[in-house]
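Here is the structure we will look at, set down as structure tokens.
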Amino acid sequence: MASSHSSSPVPQGSSSDVFFKIEVDSSKHIRPVPSLPDVCPKEPTGDSHSLYVAPSLVTDQHRWTVYHSKVNLPAALNDPRLAKRESDFFTKTWGLNFVDTEVIPSFYLPQISKEHFTVYQQEISQREKIHERCKNICPPKDTFERTLLHTHDKSRTDLEQVPKIFMKPDFALDDSLTFNSVLPWSHFNTAGGKGNRDAASSKLLQEKLSHYLDIVEVNIAHQISLRSEAFFHAMTSQHELQDYLKKTSQAVKMLRDKIAQIDKVMCEGSLHILRLTLTRNNCVKVYNKLKLMATVHQTQPTVQVLLSTSEFVGALDLIATTQEVLQQELQGIHSFRHLGSQLCELEKLIDKMMIAEFSTYSHTDLNRPLEDDCQVLEEERLVSLVFGLLKQRKLNFLEIYGEKMIITAKNIIKQCVINKVSQTEEIDTDVVVKLADQMRMLNFPQWFDLLKDIFSKFTIFLQRVKATLNIIHSVVLSVLDKNQRTRELEEISQQKNAAKDNSLDTEVAYLIHEGMFISDAFGEGELTPIAVDTTSQRNASPNSEPCSSDSVSEPECTTDSSSSKEHTSSSAIPGGVDIMVSEDMKLTDSELGKLANNIQELLYSASDICHDRAVKFLMSRAKDGFLEKLNSMEFITLSRLMETFILDTEQICGRKSMSLLGALQSQANKFVNRFHEERKTKLSLLLDNERWKQADVPAEFQDLVDSISDGKIALPEKKSGTTEERKPAEVLIVEGQQYAVVGTVLLLIRIILEYCQCVDNIPSVTTDMLTRLSDLLKYFNSRSCQLVLGAGALQVVGLKTITTKNLALSSRCLQLIVHYIPVIRAHFEARLPPKQYSMLRHFDHITKDYHDHIAEISAKLVAIMDSLFDKLLSKYEVKAPVPSACFRNICKQMTKMHEAIFDLLPEEQTQMLFLRINASYKLHLKKQLSHLNVINDGGPQNGLVTADVAFYTGNLQALKGLKDLDLNMAEIWEQKR
């Protein structure tokens, strides 16, 4: 690899040049590719002192110098670590990293065409002609070349005799296959008497290998002889090379001295300051870390102190903060390796303590005397417990409170019963042992007072439960509100941090000292005091100043709110307690919302519990039919008390409980059934004993009727002073009309008013009462019809006959009931819900039935007279005397009829009845005259009939109320011509 004398890397001597002076046009930004120095450079020329001028770091910082050289070509070619270099000429010569790759044309180089060489060809053409002439003049050179070519062919022929195995690049005798191929074992086997032949073979092999060696040595010597000129030149240049290296080492030494002076003057002081700053910051960190370790070491004793005062929230916050400090700032501290597990166990113990404490608090709060005016017992304690339970996700505390409510409700009833029984002298507790049996021995006033006491105690109990649950609900809502505000603050903080990150300087420093960027060192020196201040402020107590890097002896820091980044906000509970909502609550918004709903459901459950216990108390008293035996006033009083309690609980809890209302409805239904059966039985007995004679009307019944005249149905109060002085009246006066009635109807009116009054007192039984009242009215109608029209009274009461007076009196009683049906209908309509108005059709049916019954009675009266007319007029004969006996009997019966009904029925009804009777009379008389063939001819018979008719007409019109009655007797005559 002899180098050409035309390219030497030795720089020319100059006071301003460096080792390799390369002019670069900075405007083109093209860095020329430096050439590698030759193995045998030329002798340096120029001023020898130029070798001592070192390259300038300022002026030559962008120029290629010898310091940019990484490796030289001989080192790359003679690298002993490279293997398999026989692939081709290039890899064998220049190394394995040389591969055939496609070279991308450089856009910095112009495209070269043949036109660029035109000038050169013109200049070189003359030299080429001279060269051709020289070739003809110097033929020995051709002989020499032919000799070289012949020699080369001969050496190549000799090398072909050497086996190819010796030419392999991986040739190694330590390989067994290669060794056996080069030295076969058969040449060294001396056994079997063939030793001489084997020895000859071994000797022949040795000579063969020696021949191969000679061939290789001859070729090597030949190659060396071909390059002998380069070797001799290298030997002659060795001294020059040594002088060049000596001057170079002196230049390097001067450069290093200058660099050392620059480093001492410009760098060492600044770096020393940085080292001291880093050391100081590290010392402050260590000091703060030791103070933090000392504080963490006091965690367990502090937790014990907090637990002794029931400060569960503070203990949990301290444990959480300590665990976070252990995981972040004290991670890997060997002395605290067991503290984390100990704090976890302590946290589990606190969970159990809080559950037990809440259970104790619930029992104490719910079972304290109800006379106490305090709504919430130890409100601060309750708030602390609820916060601790929420912090630990112990959400089953509401179930504990619900169980305590059930037990307390049972105890309230039991205690009330015990107090009432102990105050009752009639009950012998020694004889009657069971408390339920003792309670059943109370009469209604005593039992009613007991129930009233129970309801009042339950009302106070629910108010306390509501107050307690309101505190719990407020705590949950405050935590939920804090979670939402925390998320908003985090979003704002993230936005600010993103803006701050974008504004940071991104300049990178390249000077490195001890593995750290100089800019990082300065940044660490600037940021560390700030970080220390922040940590100290987090760890400092409220009365201490923040710990800083300048003052390392400040008061010790605490871990109450350390690097856990825990923030708190103040919130107020309706009871007046200020609370601090911590940020490390583990509950989500959905869980908190569900918990708030459960609290409201628990309040509803409290109301249901009270109602259920009250229902059981009622059922235990109703076992012997006690409630069914109550009279109307007692049941109404009981019903009002229960409805008041239901409304009170609904107002307290916000929802109506249905169990007690259902029990009241059930008892009301039983009461309605008994109420109706009693009055129906009473009415039946009255009807069975009714003789259908006109009864005197006591003054109280007249007052009863007068009270209805105002449009309001209500039983009047009894007038104790004036009742005996007022005499009974003959008739009942209703809105100016006189009603002659029987005693049964008077009592029926009172019964009807009792039904209406019961509806007012117990609105829940309106529909049942309507059905029962309609049934009662239908029963009266049908039963009276059976007794009077059907003549059932003859057998039931023992009447001899059903007279017209009985019939008229029955009709008038029915008319009185019909008069009050619209009033009763309006009363029920005002109290029925609109969707049940269809039930009012019962009154329409009843009215129709009553009118039909009245019409039947009127028809019966007409039928009685019709049969009489038929009997008497069938025997009528037209003869003297006048008036005839038949007409005298008819007028006598008509007078009796009039006397029987005139005082009972109104004048209009009497006239209408006698008009119908007269029509029947005319019909029968006309029939009889037709039978007797008496015509209106002015004869003697006509005169006799006219005289009898005139007697009948005058006698009838002489009766009271029938004076103006138009009898129109001319229709009895048939006109015959």
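Just so we're on the same page: first chain in the structure tokens is A, next is B, and so on; residues restart at 1 for each chain, and ligands are numbered from 1 in the order they show up.
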
Using DSSP assignments from the backbone, pull out every residue in range 288-522 of chain A that falls under alpha helix (DSSP H) and give it to me as a ChimeraX atom specification.
/A:288-297,299-308,312-328,339-367,379-391,397-423,435-440,444-502,518-522

What is the distance, in Å and to one decimal place, between CA of Met769 in chain A and CA of Ile824 in chain A?
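A separation of 11.6 Å between them.
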
Do a neighbour search on range 829-831 of chain A at 10 Å with only C-alpha atoms, toss out local chain neighbours closer than 2 positions, and write the hits as a ChimeraX atom specification.
/A:759-760,763-764,766-767,770,823-827,833-834,836-840

Name all residues at most 10 Å from Lys680 in chain A (count only C-alpha atoms; drop same-chain ones fewer than 3 positions away) and give them as a PyMOL selection string.
chain A and resi 674-677+683-686+748+751+772-773+775-777+779-780

Non-local contacts of Gly388 in chain A (10 Å; only C-alpha atoms; under 3 positions in same chain excluded) as JSON, numbers by chain
{"A": [311, 312, 313, 314, 315, 316, 317, 350, 351, 354, 355, 382, 383, 384, 385, 391, 392, 393, 394, 585]}

With only C-alpha atoms as the counted atoms, please give the residues lying no more than 12 Å from range 668-671 of chain A, apart from itself and same-chain residues fewer than 5 positions off, as a short mmCIF file (atom, residue, chain, number, x, y, z; two decimals) with N, CA and C atoms, in the first residue's frame.
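Ended up saving to out.cif:
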data_model
loop_
_atom_site.label_atom_id
_atom_site.label_comp_id
_atom_site.auth_asym_id
_atom_site.auth_seq_id
_atom_site.Cartn_x
_atom_site.Cartn_y
_atom_site.Cartn_z
N ALA A 622 -106.97 -6.43 69.21
CA ALA A 622 -108.17 -6.81 68.47
C ALA A 622 -108.41 -8.30 68.43
N GLY A 625 -111.85 -9.33 69.61
CA GLY A 625 -112.94 -8.57 69.02
C GLY A 625 -113.21 -7.25 69.71
N PHE A 626 -112.18 -6.74 70.40
CA PHE A 626 -112.35 -5.51 71.16
C PHE A 626 -112.68 -4.34 70.25
N LEU A 627 -111.95 -4.20 69.17
CA LEU A 627 -112.16 -3.06 68.28
C LEU A 627 -113.48 -3.15 67.53
N GLU A 628 -113.95 -4.36 67.27
CA GLU A 628 -115.21 -4.52 66.57
C GLU A 628 -116.41 -4.20 67.45
N LYS A 629 -116.19 -4.23 68.76
CA LYS A 629 -117.28 -3.95 69.69
C LYS A 629 -117.41 -2.48 70.04
N LEU A 630 -116.54 -1.66 69.50
CA LEU A 630 -116.61 -0.23 69.81
C LEU A 630 -117.86 0.38 69.19
N ASN A 631 -118.40 1.32 69.93
CA ASN A 631 -119.52 2.05 69.35
C ASN A 631 -119.01 3.08 68.35
N SER A 632 -119.95 3.78 67.75
CA SER A 632 -119.58 4.69 66.67
C SER A 632 -118.66 5.79 67.15
N MET A 633 -118.99 6.41 68.26
CA MET A 633 -118.18 7.51 68.74
C MET A 633 -116.78 7.05 69.12
N GLU A 634 -116.69 5.90 69.75
CA GLU A 634 -115.37 5.37 70.14
C GLU A 634 -114.52 5.06 68.92
N PHE A 635 -115.15 4.42 67.95
CA PHE A 635 -114.37 4.08 66.76
C PHE A 635 -113.98 5.34 65.99
N ILE A 636 -114.88 6.31 65.96
CA ILE A 636 -114.55 7.56 65.27
C ILE A 636 -113.39 8.25 65.97
N LEU A 638 -111.07 6.81 67.73
CA LEU A 638 -109.87 6.01 67.41
C LEU A 638 -109.40 6.29 65.99
N SER A 639 -110.32 6.36 65.07
CA SER A 639 -109.96 6.60 63.68
C SER A 639 -109.30 7.96 63.51
N ARG A 640 -109.83 8.99 64.17
CA ARG A 640 -109.24 10.31 64.07
C ARG A 640 -107.83 10.34 64.65
N MET A 642 -105.71 7.83 64.77
CA MET A 642 -104.82 7.14 63.84
C MET A 642 -104.56 7.98 62.60
N LEU A 660 -100.31 1.10 58.66
CA LEU A 660 -101.31 1.52 59.65
C LEU A 660 -102.59 1.97 58.95
N LEU A 661 -102.44 2.62 57.80
CA LEU A 661 -103.62 3.02 57.05
C LEU A 661 -104.40 1.80 56.58
N GLY A 662 -103.68 0.76 56.19
CA GLY A 662 -104.35 -0.48 55.79
C GLY A 662 -105.05 -1.15 56.97
N ALA A 663 -104.38 -1.14 58.12
CA ALA A 663 -105.01 -1.71 59.31
C ALA A 663 -106.26 -0.92 59.70
N HIS A 676 -123.43 -1.72 60.08
CA HIS A 676 -124.57 -1.96 59.19
C HIS A 676 -125.43 -3.11 59.69
N GLU A 677 -124.79 -4.18 60.14
CA GLU A 677 -125.58 -5.32 60.61
C GLU A 677 -126.40 -4.94 61.83
N GLU A 678 -125.83 -4.15 62.74
CA GLU A 678 -126.58 -3.73 63.91
C GLU A 678 -127.80 -2.91 63.52
N TYR A 755 -125.33 7.06 59.33
CA TYR A 755 -124.49 6.65 58.20
C TYR A 755 -123.74 7.85 57.62
N CYS A 758 -121.07 9.04 59.99
CA CYS A 758 -119.92 8.13 59.99
C CYS A 758 -119.02 8.39 58.79
N VAL A 759 -119.62 8.74 57.66
CA VAL A 759 -118.82 9.07 56.47
C VAL A 759 -117.99 10.31 56.72
N ASN A 761 -116.91 11.34 59.64
CA ASN A 761 -115.89 11.04 60.63
C ASN A 761 -114.83 10.08 60.11
N ILE A 762 -115.22 9.19 59.22
CA ILE A 762 -114.28 8.20 58.66
C ILE A 762 -114.39 8.28 57.14
N PRO A 763 -113.67 9.19 56.50
CA PRO A 763 -113.79 9.34 55.04
C PRO A 763 -113.39 8.09 54.26
N SER A 764 -112.54 7.27 54.85
CA SER A 764 -112.06 6.10 54.11
C SER A 764 -113.15 5.06 53.87
N VAL A 765 -114.27 5.15 54.59
CA VAL A 765 -115.33 4.13 54.44
C VAL A 765 -116.50 4.69 53.65
N THR A 766 -116.28 5.74 52.89
CA THR A 766 -117.40 6.37 52.17
C THR A 766 -118.05 5.40 51.21
N THR A 767 -117.26 4.74 50.42
CA THR A 767 -117.84 3.82 49.43
C THR A 767 -118.56 2.66 50.10
N ASP A 768 -117.96 2.13 51.17
CA ASP A 768 -118.63 1.03 51.87
C ASP A 768 -119.93 1.50 52.51
N MET A 769 -119.90 2.69 53.09
CA MET A 769 -121.11 3.21 53.71
C MET A 769 -122.19 3.46 52.67
N THR A 771 -122.64 1.82 49.91
CA THR A 771 -123.21 0.51 49.54
C THR A 771 -124.13 -0.01 50.64
N ARG A 772 -123.67 0.13 51.90
CA ARG A 772 -124.48 -0.37 53.01
C ARG A 772 -125.77 0.43 53.16
#
